[in-house]
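Student: Mind having a look at this structure? Questions to follow.
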Amino acid sequence: MSHLDDLPSTPGKYKVLPYGVLHHHRYLRLSKLTLWASLFLALFLFYLVLSPPPSPSRRSLNDSFAKYGGSHWEKQVRKSARPRTRGGLTVLVTGAAGFVGTHVSIALRRRGDGVLGLDNFNRYYDPKLKRARQGLLERSGVFVVEGDINDAVLLRKLYDVVLFTHVMHLAAQAGVRYAMQNPGSYVKSNIAGFVNLLEVSKAASPQPAVVWASSSSVYGLNSKVPFSERDRTDHPASLYAATKKAGEGIAHTYNHIYGLSLTGLRFFTVYGPWGRPDMAYFFFTKDILRGKTITVFESPDKGSVARDFTYIDDIVKGCLGALDTAEKSTGSGGKKKGPAMFRIYNLGNTSPVPVTKLVTILEKLLKMKAKRKVMPLPRNGDVEFTHANITLAQTEIGYKPEVDLETGLKKFVKWYLGFYTGSKKKRSW
């Protein structure tokens with residue numbers, strides 16, 4: 001409370017108060033100030049006691065308690081990123097503990113490339129699965145730095161320690177339906193995180209070539225099939241699709257202004273061992289084994305919803321093909337020196353399969369009948385069908401999918417039973 005509070009509301013009528021009264025008012029004001037100051041101090045101390053320690057992304061790299069930094073950490077980073085063959089690539093893989101990230105990282109490492117992983121191990125789905133994938137990566141010689149793509153300090157540190165020739169950017173907030181629950185996570189990861197990675201990449205000398213995961217979701221409500229890279233992509237059906245489309249526009253901007261070599265890959269419904277639990281083939285398997293009812297969606301005209309299911313090994317080949325054919329960036333230290341490569345490719349199987357057939361195949365492989373509940377496709381971002389035209393990817397990066405859905409699901413079911421039930425029982429297939 002200010003001394004001006006003693007003034008009357010009408011100017012010119014100020015009355016001098018007796019000394020005793022004025023002293024009493026000041027005493028009250030002092031007491032109130034003391035009380036508020038005490039309360040503030042108590043709340044501040046309470047915050048200090050209960051608040052968790054600052055995350056690594058906010059701490060100095062020189063802090064010995066941080067999760068990154070220091071000679072031992074740098075040694076691990078350099079060792080993992082060092083190619084084992086002459087002419088091998090040095091690749092930073094973001095989202096390395098994710099489904100596609102794990103498979104791509106291991107494939108690169110096996111052929112002799114240097115690979116450094118980066119993952120924040122978020123809780124979008126069970127982190128235990130991600131930690132299990134991390135174990136696979138470590139056994140393959142891939143070190144995974146635990147951190148976020150929004151952490152510019154960490155990214156700059158990695159770029160200081162390692163001279164990356166390529167970046168395989170797979171970190172993203174995945175899932176169509178989850179966007180209705182947590183829209184902010186999509187903007188933070190798929191847009192802000194991507195911009196942060198491109199900012200650090202364009203400032204590097206020399207700049208790495210960047211290959212990143214877009215999505216077939218960008219085709220949204222398009223009705224012409226198969227989907228071609230030349231088709232319009234301005235009718236997204238979900239926030240996830242909109243952020244992926246925004247990513248393509250952002251990438252083009254960095255290519256045009258800064259000379260970054262950029263290649264976007266539109267994945268079509270990737271499935272296989274070590275997959276994502278939020279995907280239909282994964283939770284259908286789980287629920288069928290538990291005897292639970294599964295929901296199968298149908299289109300408004302009672303037709304079947306179909307997807308261009310693409311096996312993980314085929315996707316990995318497409319990713320490696322994109323990395324191997326990516327031209328060098330033309331910029332350095334944020335300055336463009338000439339036109340740079342910019343490409344977008346579909347990576348699909350070109351053979352859409354009705355979801356009802358997917359369930360039938362799973363019933364055969366699991367030797368269990370599914371309890372089906374057919375419902376209309378809700379307006380939650382899902383589309384009725386996807387179908388990839390892969391002519392461009394075949395011609396330019398040698399992409400050629402080989403695994404049909406039943407063969408791929410056999411491999412998935414075998415992995416699933418081994419990982420979740422420990423079953424080694426031989427089946428008829």
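Convention: chains lettered A, B, ... in structure tokens order; per-chain residue numbering from 1; ligands numbered from 1 as shown.
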Give the alpha helix (DSSP H) residues of stretch 156-241 of chain A, as DSSP finds them on the backbone, and put them as a ChimeraX atom specification.

Tutor: /A:156-161,183-186,194-203,239-241

Student: List the neighbours of A:Thr165 out to 10 Å using only C-alpha atoms; skip same-chain residues closer than 6 positions along the sequence, and give me the result as an mmCIF file with N, CA, C and O atoms, in the first residue's frame.

Tutor:
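Contents of part34.cif, as written:
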```
data_model
loop_
_atom_site.group_PDB
_atom_site.id
_atom_site.type_symbol
_atom_site.label_atom_id
_atom_site.label_comp_id
_atom_site.auth_asym_id
_atom_site.auth_seq_id
_atom_site.Cartn_x
_atom_site.Cartn_y
_atom_site.Cartn_z
ATOM 1 N N GLY A 88 32.594 -44.034 -45.446
ATOM 2 C CA GLY A 88 31.321 -44.202 -44.745
ATOM 3 C C GLY A 88 30.731 -42.875 -44.320
ATOM 4 O O GLY A 88 31.436 -41.875 -44.149
ATOM 5 N N LEU A 89 29.419 -42.861 -44.140
ATOM 6 C CA LEU A 89 28.731 -41.645 -43.721
ATOM 7 C C LEU A 89 28.862 -41.438 -42.211
ATOM 8 O O LEU A 89 29.109 -42.387 -41.462
ATOM 9 N N THR A 90 28.708 -40.206 -41.793
ATOM 10 C CA THR A 90 28.628 -39.882 -40.367
ATOM 11 C C THR A 90 27.251 -39.271 -40.150
ATOM 12 O O THR A 90 26.997 -38.129 -40.551
ATOM 13 N N VAL A 91 26.357 -40.039 -39.515
ATOM 14 C CA VAL A 91 24.940 -39.681 -39.504
ATOM 15 C C VAL A 91 24.425 -39.439 -38.086
ATOM 16 O O VAL A 91 24.622 -40.263 -37.189
ATOM 17 N N LEU A 92 23.753 -38.305 -37.903
ATOM 18 C CA LEU A 92 23.002 -38.051 -36.685
ATOM 19 C C LEU A 92 21.577 -38.528 -36.938
ATOM 20 O O LEU A 92 20.919 -38.058 -37.870
ATOM 21 N N GLY A 114 29.098 -44.347 -39.523
ATOM 22 C CA GLY A 114 29.088 -43.838 -38.155
ATOM 23 C C GLY A 114 27.694 -43.337 -37.831
ATOM 24 O O GLY A 114 27.079 -42.640 -38.638
ATOM 25 N N PRO A 206 31.128 -27.642 -42.732
ATOM 26 C CA PRO A 206 30.096 -27.516 -43.765
ATOM 27 C C PRO A 206 28.745 -28.007 -43.251
ATOM 28 O O PRO A 206 28.670 -28.699 -42.246
ATOM 29 N N GLN A 207 27.704 -27.651 -43.977
ATOM 30 C CA GLN A 207 26.366 -28.097 -43.604
ATOM 31 C C GLN A 207 26.176 -29.575 -43.968
ATOM 32 O O GLN A 207 26.648 -30.015 -45.011
ATOM 33 N N PRO A 208 25.457 -30.336 -43.126
ATOM 34 C CA PRO A 208 25.147 -31.722 -43.494
ATOM 35 C C PRO A 208 23.967 -31.767 -44.467
ATOM 36 O O PRO A 208 23.197 -30.809 -44.567
ATOM 37 N N ALA A 209 23.837 -32.865 -45.191
ATOM 38 C CA ALA A 209 22.630 -33.112 -45.978
ATOM 39 C C ALA A 209 21.589 -33.677 -45.018
ATOM 40 O O ALA A 209 21.910 -34.517 -44.176
ATOM 41 N N VAL A 210 20.348 -33.222 -45.130
ATOM 42 C CA VAL A 210 19.300 -33.631 -44.189
ATOM 43 C C VAL A 210 18.215 -34.422 -44.911
ATOM 44 O O VAL A 210 17.675 -33.971 -45.922
ATOM 45 N N LEU A 323 19.633 -41.273 -48.252
ATOM 46 C CA LEU A 323 20.897 -40.783 -47.691
ATOM 47 C C LEU A 323 22.034 -40.917 -48.704
ATOM 48 O O LEU A 323 22.838 -39.995 -48.878
ATOM 49 N N LYS A 328 25.514 -32.895 -51.512
ATOM 50 C CA LYS A 328 25.982 -32.060 -50.416
ATOM 51 C C LYS A 328 25.226 -30.739 -50.374
ATOM 52 O O LYS A 328 24.790 -30.226 -51.403
ATOM 53 N N SER A 329 25.082 -30.203 -49.175
ATOM 54 C CA SER A 329 24.512 -28.871 -49.035
ATOM 55 C C SER A 329 25.484 -27.856 -49.641
ATOM 56 O O SER A 329 26.699 -28.094 -49.700
#
```

Student: Got a sec: who's within 8 Å of A:Thr243, counting only C-alpha atoms, leaving out chain neighbours fewer than 5 positions off, as a PDB file with N, CA and C atoms, in the first residue's frame?

Tutor:
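Listed below is the output, part-v5.pdb:
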```pdb
ATOM      1  N   TYR A 186       2.481 -31.545 -30.871  1.00  0.00           N
ATOM      2  CA  TYR A 186       2.758 -31.649 -32.310  1.00  0.00           C
ATOM      3  C   TYR A 186       3.454 -30.396 -32.824  1.00  0.00           C
ATOM      4  N   VAL A 187       3.010 -29.250 -32.348  1.00  0.00           N
ATOM      5  CA  VAL A 187       3.638 -27.996 -32.749  1.00  0.00           C
ATOM      6  C   VAL A 187       5.065 -27.927 -32.201  1.00  0.00           C
ATOM      7  N   ASN A 190       7.070 -31.270 -34.121  1.00  0.00           N
ATOM      8  CA  ASN A 190       7.086 -31.366 -35.577  1.00  0.00           C
ATOM      9  C   ASN A 190       7.375 -30.053 -36.280  1.00  0.00           C
ATOM     10  N   ILE A 191       7.154 -28.938 -35.584  1.00  0.00           N
ATOM     11  CA  ILE A 191       7.442 -27.641 -36.194  1.00  0.00           C
ATOM     12  C   ILE A 191       8.614 -26.953 -35.491  1.00  0.00           C
TER      13      ILE A 191
END
```

Student: Nearest to A:Val100 among A:Arg276, A:Arg86, A:Lys245, A:Arg372, with distances taken over only C-alpha atoms: which residue is it?

Tutor: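 Ranking A:Arg276, A:Arg86, A:Lys245, A:Arg372 by distance to A:Val100, first place goes to A:Arg276.
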
Student: Calculate how many Å separate atom CA of A:Asn120 from atom CA of A:Pro183, rounding to one decimal.

Tutor: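 Computed distance, atom CA of A:Asn120 to atom CA of A:Pro183, equals 18.3 Å.
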
Student: With only C-alpha atoms as the counted atoms, please give the residues lying no more than 10 Å from A:Phe268, apart from itself and same-chain residues fewer than 5 positions off, as a PyMOL selection string.

Tutor: chain A and resi 214-217+307-311+315+346-350+352+386-388

Student: Would you put the residues from that selection into a file with N, CA, C and O atoms, as a compact mmCIF listing (two decimals), in the first residue's frame?

Tutor:
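So the final result, stored in part13.txt, reads:
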```txt
# COMPACT_ATOMS: atom_id res chain seq x y z
N SER A 214 8.57 -37.13 -43.49
CA SER A 214 7.29 -36.48 -43.62
C SER A 214 6.24 -37.57 -43.41
O SER A 214 6.46 -38.48 -42.61
N SER A 215 5.13 -37.53 -44.08
CA SER A 215 4.10 -38.54 -43.86
C SER A 215 3.11 -38.59 -45.02
O SER A 215 2.85 -37.57 -45.67
N SER A 216 2.54 -39.76 -45.24
CA SER A 216 1.48 -39.89 -46.23
C SER A 216 0.24 -39.13 -45.80
O SER A 216 -0.65 -38.85 -46.61
N SER A 217 0.17 -38.76 -44.52
CA SER A 217 -0.97 -38.01 -44.00
C SER A 217 -1.13 -36.65 -44.68
O SER A 217 -2.22 -36.06 -44.64
N ARG A 307 -5.37 -49.45 -46.10
CA ARG A 307 -4.08 -48.79 -45.89
C ARG A 307 -3.00 -49.43 -46.77
O ARG A 307 -3.03 -50.63 -47.04
N ASP A 308 -2.05 -48.59 -47.17
CA ASP A 308 -0.90 -49.07 -47.95
C ASP A 308 0.18 -49.49 -46.96
O ASP A 308 1.16 -48.78 -46.74
N PHE A 309 -0.01 -50.64 -46.32
CA PHE A 309 0.91 -51.12 -45.29
C PHE A 309 2.30 -51.38 -45.89
O PHE A 309 2.44 -52.10 -46.88
N THR A 310 3.32 -50.81 -45.25
CA THR A 310 4.69 -50.91 -45.77
C THR A 310 5.60 -51.48 -44.69
O THR A 310 5.71 -50.92 -43.59
N TYR A 311 6.26 -52.60 -45.01
CA TYR A 311 7.10 -53.29 -44.03
C TYR A 311 8.35 -52.48 -43.71
O TYR A 311 8.94 -51.83 -44.58
N ILE A 315 11.06 -49.78 -45.79
CA ILE A 315 11.23 -48.37 -45.43
C ILE A 315 12.69 -48.05 -45.16
O ILE A 315 13.21 -47.00 -45.58
N ASN A 346 7.50 -40.53 -52.00
CA ASN A 346 6.59 -41.47 -51.34
C ASN A 346 7.33 -42.77 -51.08
O ASN A 346 7.99 -43.30 -51.97
N LEU A 347 7.20 -43.29 -49.87
CA LEU A 347 7.72 -44.63 -49.55
C LEU A 347 6.55 -45.48 -49.08
O LEU A 347 6.15 -45.41 -47.92
N GLY A 348 5.97 -46.24 -49.99
CA GLY A 348 4.83 -47.09 -49.68
C GLY A 348 5.01 -48.46 -50.31
O GLY A 348 6.07 -48.77 -50.86
N ASN A 349 3.97 -49.26 -50.26
CA ASN A 349 4.04 -50.62 -50.81
C ASN A 349 3.29 -50.75 -52.13
O ASN A 349 3.43 -51.73 -52.82
N THR A 350 2.48 -49.74 -52.44
CA THR A 350 1.66 -49.65 -53.66
C THR A 350 0.53 -50.69 -53.71
O THR A 350 -0.10 -50.85 -54.75
N PRO A 352 -2.65 -51.30 -51.44
CA PRO A 352 -3.53 -51.07 -50.28
C PRO A 352 -4.29 -52.34 -49.90
O PRO A 352 -4.73 -53.09 -50.76
N THR A 386 -5.23 -45.05 -48.10
CA THR A 386 -3.96 -44.49 -48.56
C THR A 386 -3.41 -45.42 -49.64
O THR A 386 -3.59 -46.64 -49.57
N HIS A 387 -2.75 -44.84 -50.62
CA HIS A 387 -2.21 -45.62 -51.74
C HIS A 387 -1.08 -44.82 -52.36
O HIS A 387 -1.30 -43.72 -52.87
N ALA A 388 0.12 -45.36 -52.33
CA ALA A 388 1.30 -44.62 -52.79
C ALA A 388 1.65 -44.90 -54.24
O ALA A 388 1.67 -46.05 -54.68
```

Student: Considering only C-alpha atoms, can you say which of A:Leu136, A:Ala393, A:Ala326, A:Leu260 comes closest to A:Glu229?

Tutor: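 Nearest candidate to A:Glu229 out of A:Leu136, A:Ala393, A:Ala326, A:Leu260: A:Ala393.
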
Student: If DSSP is run on the backbone, what residues of stretch 65-265 of chain A are strand (DSSP E)? A reply as an mmCIF file with all heavy atoms, in the first residue's frame would be ideal.

Tutor:
```cif
data_model
loop_
_atom_site.group_PDB
_atom_site.id
_atom_site.type_symbol
_atom_site.label_atom_id
_atom_site.label_comp_id
_atom_site.auth_asym_id
_atom_site.auth_seq_id
_atom_site.Cartn_x
_atom_site.Cartn_y
_atom_site.Cartn_z
ATOM 1 N N THR A 90 28.708 -40.206 -41.793
ATOM 2 C CA THR A 90 28.628 -39.882 -40.367
ATOM 3 C C THR A 90 27.251 -39.271 -40.150
ATOM 4 O O THR A 90 26.997 -38.129 -40.551
ATOM 5 C CB THR A 90 29.728 -38.897 -39.954
ATOM 6 O OG1 THR A 90 31.007 -39.467 -40.255
ATOM 7 C CG2 THR A 90 29.649 -38.590 -38.469
ATOM 8 N N VAL A 91 26.357 -40.039 -39.515
ATOM 9 C CA VAL A 91 24.940 -39.681 -39.504
ATOM 10 C C VAL A 91 24.425 -39.439 -38.086
ATOM 11 O O VAL A 91 24.622 -40.263 -37.189
ATOM 12 C CB VAL A 91 24.079 -40.791 -40.151
ATOM 13 C CG1 VAL A 91 22.625 -40.330 -40.302
ATOM 14 C CG2 VAL A 91 24.650 -41.207 -41.504
ATOM 15 N N LEU A 92 23.753 -38.305 -37.903
ATOM 16 C CA LEU A 92 23.002 -38.051 -36.685
ATOM 17 C C LEU A 92 21.577 -38.528 -36.938
ATOM 18 O O LEU A 92 20.919 -38.058 -37.870
ATOM 19 C CB LEU A 92 22.985 -36.558 -36.345
ATOM 20 C CG LEU A 92 22.054 -36.136 -35.202
ATOM 21 C CD1 LEU A 92 22.503 -36.754 -33.879
ATOM 22 C CD2 LEU A 92 21.972 -34.612 -35.095
ATOM 23 N N VAL A 93 21.106 -39.486 -36.144
ATOM 24 C CA VAL A 93 19.744 -39.994 -36.283
ATOM 25 C C VAL A 93 18.919 -39.493 -35.107
ATOM 26 O O VAL A 93 19.135 -39.905 -33.968
ATOM 27 C CB VAL A 93 19.705 -41.533 -36.338
ATOM 28 C CG1 VAL A 93 18.253 -42.023 -36.472
ATOM 29 C CG2 VAL A 93 20.544 -42.062 -37.501
ATOM 30 N N THR A 94 17.980 -38.599 -35.367
ATOM 31 C CA THR A 94 17.092 -38.135 -34.303
ATOM 32 C C THR A 94 15.910 -39.104 -34.199
ATOM 33 O O THR A 94 15.522 -39.735 -35.177
ATOM 34 C CB THR A 94 16.569 -36.716 -34.576
ATOM 35 O OG1 THR A 94 15.671 -36.745 -35.700
ATOM 36 C CG2 THR A 94 17.714 -35.753 -34.858
ATOM 37 N N GLY A 114 29.098 -44.347 -39.523
ATOM 38 C CA GLY A 114 29.088 -43.838 -38.155
ATOM 39 C C GLY A 114 27.694 -43.337 -37.831
ATOM 40 O O GLY A 114 27.079 -42.640 -38.638
ATOM 41 N N VAL A 115 27.191 -43.694 -36.657
ATOM 42 C CA VAL A 115 25.826 -43.329 -36.287
ATOM 43 C C VAL A 115 25.791 -42.817 -34.849
ATOM 44 O O VAL A 115 26.273 -43.497 -33.938
ATOM 45 C CB VAL A 115 24.848 -44.521 -36.416
ATOM 46 C CG1 VAL A 115 23.423 -44.083 -36.082
ATOM 47 C CG2 VAL A 115 24.912 -45.139 -37.800
ATOM 48 N N LEU A 116 25.223 -41.647 -34.656
ATOM 49 C CA LEU A 116 24.978 -41.140 -33.313
ATOM 50 C C LEU A 116 23.483 -40.936 -33.173
ATOM 51 O O LEU A 116 22.847 -40.278 -34.012
ATOM 52 C CB LEU A 116 25.704 -39.818 -33.068
ATOM 53 C CG LEU A 116 25.467 -39.199 -31.680
ATOM 54 C CD1 LEU A 116 26.100 -40.078 -30.599
ATOM 55 C CD2 LEU A 116 26.022 -37.780 -31.609
ATOM 56 N N GLY A 117 22.896 -41.508 -32.129
ATOM 57 C CA GLY A 117 21.463 -41.382 -31.911
ATOM 58 C C GLY A 117 21.115 -40.246 -30.959
ATOM 59 O O GLY A 117 21.934 -39.863 -30.117
ATOM 60 N N LEU A 118 19.919 -39.717 -31.120
ATOM 61 C CA LEU A 118 19.394 -38.695 -30.218
ATOM 62 C C LEU A 118 17.919 -39.000 -29.990
ATOM 63 O O LEU A 118 17.165 -39.197 -30.951
ATOM 64 C CB LEU A 118 19.547 -37.301 -30.825
ATOM 65 C CG LEU A 118 18.936 -36.121 -30.038
ATOM 66 C CD1 LEU A 118 19.646 -35.952 -28.700
ATOM 67 C CD2 LEU A 118 19.023 -34.832 -30.851
ATOM 68 N N ASP A 119 17.494 -39.060 -28.731
ATOM 69 C CA ASP A 119 16.097 -39.360 -28.422
ATOM 70 C C ASP A 119 15.757 -38.807 -27.046
ATOM 71 O O ASP A 119 16.590 -38.841 -26.131
ATOM 72 C CB ASP A 119 15.849 -40.873 -28.442
ATOM 73 C CG ASP A 119 14.394 -41.219 -28.725
ATOM 74 O OD1 ASP A 119 13.539 -40.952 -27.860
ATOM 75 O OD2 ASP A 119 14.111 -41.764 -29.802
ATOM 76 N N PHE A 143 25.532 -45.260 -29.846
ATOM 77 C CA PHE A 143 25.304 -44.528 -28.603
ATOM 78 C C PHE A 143 24.143 -43.569 -28.807
ATOM 79 O O PHE A 143 24.081 -42.842 -29.805
ATOM 80 C CB PHE A 143 26.564 -43.752 -28.201
ATOM 81 C CG PHE A 143 26.416 -42.906 -26.971
ATOM 82 C CD1 PHE A 143 26.063 -43.473 -25.746
ATOM 83 C CD2 PHE A 143 26.639 -41.530 -27.016
ATOM 84 C CE1 PHE A 143 25.935 -42.700 -24.606
ATOM 85 C CE2 PHE A 143 26.522 -40.747 -25.884
ATOM 86 C CZ PHE A 143 26.165 -41.337 -24.672
ATOM 87 N N VAL A 144 23.194 -43.561 -27.867
ATOM 88 C CA VAL A 144 22.036 -42.682 -27.964
ATOM 89 C C VAL A 144 22.145 -41.597 -26.901
ATOM 90 O O VAL A 144 22.149 -41.880 -25.700
ATOM 91 C CB VAL A 144 20.709 -43.456 -27.782
ATOM 92 C CG1 VAL A 144 19.519 -42.504 -27.907
ATOM 93 C CG2 VAL A 144 20.591 -44.575 -28.817
ATOM 94 N N VAL A 145 22.233 -40.363 -27.333
ATOM 95 C CA VAL A 145 22.235 -39.222 -26.424
ATOM 96 C C VAL A 145 20.794 -38.956 -26.012
ATOM 97 O O VAL A 145 19.906 -38.850 -26.850
ATOM 98 C CB VAL A 145 22.818 -37.972 -27.114
ATOM 99 C CG1 VAL A 145 22.705 -36.753 -26.191
ATOM 100 C CG2 VAL A 145 24.262 -38.211 -27.517
ATOM 101 N N GLU A 146 20.552 -38.850 -24.717
ATOM 102 C CA GLU A 146 19.203 -38.582 -24.233
ATOM 103 C C GLU A 146 18.997 -37.077 -24.163
ATOM 104 O O GLU A 146 19.538 -36.401 -23.295
ATOM 105 C CB GLU A 146 18.972 -39.224 -22.867
ATOM 106 C CG GLU A 146 17.542 -39.095 -22.389
ATOM 107 C CD GLU A 146 17.228 -39.985 -21.187
ATOM 108 O OE1 GLU A 146 18.064 -40.852 -20.855
ATOM 109 O OE2 GLU A 146 16.150 -39.801 -20.588
ATOM 110 N N HIS A 166 25.615 -36.266 -42.693
ATOM 111 C CA HIS A 166 24.181 -36.402 -42.932
ATOM 112 C C HIS A 166 23.409 -36.369 -41.618
ATOM 113 O O HIS A 166 23.933 -36.744 -40.564
ATOM 114 C CB HIS A 166 23.862 -37.733 -43.636
ATOM 115 C CG HIS A 166 24.430 -37.848 -45.011
ATOM 116 N ND1 HIS A 166 25.775 -38.043 -45.238
ATOM 117 C CD2 HIS A 166 23.825 -37.815 -46.241
ATOM 118 C CE1 HIS A 166 25.983 -38.112 -46.542
ATOM 119 N NE2 HIS A 166 24.835 -37.970 -47.167
ATOM 120 N N VAL A 167 22.142 -35.954 -41.723
ATOM 121 C CA VAL A 167 21.208 -36.041 -40.608
ATOM 122 C C VAL A 167 19.993 -36.826 -41.088
ATOM 123 O O VAL A 167 19.426 -36.516 -42.140
ATOM 124 C CB VAL A 167 20.752 -34.651 -40.113
ATOM 125 C CG1 VAL A 167 19.673 -34.798 -39.038
ATOM 126 C CG2 VAL A 167 21.936 -33.862 -39.584
ATOM 127 N N MET A 168 19.622 -37.856 -40.326
ATOM 128 C CA MET A 168 18.387 -38.602 -40.595
ATOM 129 C C MET A 168 17.413 -38.191 -39.506
ATOM 130 O O MET A 168 17.484 -38.679 -38.370
ATOM 131 C CB MET A 168 18.654 -40.115 -40.542
ATOM 132 C CG MET A 168 17.456 -40.960 -40.936
ATOM 133 S SD MET A 168 17.171 -41.019 -42.699
ATOM 134 C CE MET A 168 15.400 -40.723 -42.748
ATOM 135 N N HIS A 169 16.521 -37.270 -39.848
ATOM 136 C CA HIS A 169 15.640 -36.675 -38.837
ATOM 137 C C HIS A 169 14.312 -37.435 -38.772
ATOM 138 O O HIS A 169 13.441 -37.277 -39.620
ATOM 139 C CB HIS A 169 15.387 -35.205 -39.164
ATOM 140 C CG HIS A 169 14.444 -34.531 -38.224
ATOM 141 N ND1 HIS A 169 14.571 -34.616 -36.854
ATOM 142 C CD2 HIS A 169 13.333 -33.764 -38.444
ATOM 143 C CE1 HIS A 169 13.596 -33.931 -36.274
ATOM 144 N NE2 HIS A 169 12.827 -33.414 -37.220
ATOM 145 N N ALA A 209 23.837 -32.865 -45.191
ATOM 146 C CA ALA A 209 22.630 -33.112 -45.978
ATOM 147 C C ALA A 209 21.589 -33.677 -45.018
ATOM 148 O O ALA A 209 21.910 -34.517 -44.176
ATOM 149 C CB ALA A 209 22.916 -34.104 -47.101
ATOM 150 N N VAL A 210 20.348 -33.222 -45.130
ATOM 151 C CA VAL A 210 19.300 -33.631 -44.189
ATOM 152 C C VAL A 210 18.215 -34.422 -44.911
ATOM 153 O O VAL A 210 17.675 -33.971 -45.922
ATOM 154 C CB VAL A 210 18.662 -32.400 -43.502
ATOM 155 C CG1 VAL A 210 17.564 -32.846 -42.530
ATOM 156 C CG2 VAL A 210 19.724 -31.582 -42.772
ATOM 157 N N VAL A 211 17.930 -35.614 -44.373
ATOM 158 C CA VAL A 211 16.798 -36.420 -44.834
ATOM 159 C C VAL A 211 15.831 -36.487 -43.667
ATOM 160 O O VAL A 211 16.244 -36.779 -42.542
ATOM 161 C CB VAL A 211 17.237 -37.838 -45.258
ATOM 162 C CG1 VAL A 211 16.022 -38.671 -45.674
ATOM 163 C CG2 VAL A 211 18.249 -37.768 -46.395
ATOM 164 N N TRP A 212 14.557 -36.194 -43.913
ATOM 165 C CA TRP A 212 13.624 -36.180 -42.789
ATOM 166 C C TRP A 212 12.337 -36.915 -43.128
ATOM 167 O O TRP A 212 11.997 -37.088 -44.303
ATOM 168 C CB TRP A 212 13.334 -34.748 -42.348
ATOM 169 C CG TRP A 212 12.157 -34.084 -42.991
ATOM 170 C CD1 TRP A 212 10.884 -33.982 -42.514
ATOM 171 C CD2 TRP A 212 12.121 -33.423 -44.265
ATOM 172 N NE1 TRP A 212 10.077 -33.300 -43.384
ATOM 173 C CE2 TRP A 212 10.815 -32.948 -44.472
ATOM 174 C CE3 TRP A 212 13.092 -33.193 -45.263
ATOM 175 C CZ2 TRP A 212 10.438 -32.252 -45.620
ATOM 176 C CZ3 TRP A 212 12.715 -32.503 -46.408
ATOM 177 C CH2 TRP A 212 11.406 -32.040 -46.577
ATOM 178 N N ALA A 213 11.646 -37.356 -42.077
ATOM 179 C CA ALA A 213 10.392 -38.091 -42.229
ATOM 180 C C ALA A 213 9.219 -37.139 -42.326
ATOM 181 O O ALA A 213 8.909 -36.424 -41.370
ATOM 182 C CB ALA A 213 10.201 -39.050 -41.058
ATOM 183 N N LEU A 262 17.997 -31.039 -48.769
ATOM 184 C CA LEU A 262 16.898 -31.606 -47.984
ATOM 185 C C LEU A 262 16.078 -32.603 -48.790
ATOM 186 O O LEU A 262 15.713 -32.337 -49.942
ATOM 187 C CB LEU A 262 15.989 -30.492 -47.477
ATOM 188 C CG LEU A 262 16.561 -29.709 -46.285
ATOM 189 C CD1 LEU A 262 16.140 -28.263 -46.300
ATOM 190 C CD2 LEU A 262 16.127 -30.375 -44.995
ATOM 191 N N THR A 263 15.806 -33.748 -48.164
ATOM 192 C CA THR A 263 14.997 -34.799 -48.785
ATOM 193 C C THR A 263 13.921 -35.238 -47.808
ATOM 194 O O THR A 263 14.215 -35.675 -46.691
ATOM 195 C CB THR A 263 15.852 -36.024 -49.161
ATOM 196 O OG1 THR A 263 16.899 -35.619 -50.049
ATOM 197 C CG2 THR A 263 14.998 -37.090 -49.837
ATOM 198 N N GLY A 264 12.651 -35.113 -48.205
ATOM 199 C CA GLY A 264 11.538 -35.525 -47.359
ATOM 200 C C GLY A 264 10.972 -36.859 -47.813
ATOM 201 O O GLY A 264 10.821 -37.107 -49.016
ATOM 202 N N LEU A 265 10.664 -37.721 -46.865
ATOM 203 C CA LEU A 265 10.138 -39.056 -47.161
ATOM 204 C C LEU A 265 8.740 -39.192 -46.567
ATOM 205 O O LEU A 265 8.559 -39.097 -45.352
ATOM 206 C CB LEU A 265 11.060 -40.132 -46.575
ATOM 207 C CG LEU A 265 12.522 -40.069 -47.030
ATOM 208 C CD1 LEU A 265 13.352 -41.145 -46.308
ATOM 209 C CD2 LEU A 265 12.635 -40.226 -48.536
#
```

Student: Counting only C-alpha atoms, which residues of stretch 272-292 of chain A fall within 10 Å of stretch 406-413 of chain A, and what is the closest atom pair for each with its distance in Å at one decimal, ordered by chain and rising number, as CSV?

Tutor:
```
residue,atom,partner,partner_atom,distance
A:Gly272,CA,A:Phe412,CA,4.9
A:Pro273,CA,A:Phe412,CA,4.5
A:Trp274,CA,A:Phe412,CA,7.9
A:Gly275,CA,A:Phe412,CA,8.3
A:Tyr281,CA,A:Leu409,CA,8.4
A:Phe282,CA,A:Phe412,CA,8.7
A:Thr285,CA,A:Val413,CA,7.8
```

Student: Nearest to A:Asp313 among A:Arg177, A:His72, A:Arg110, A:His103, with distances taken over only C-alpha atoms: which residue is it?

Tutor: A:His103
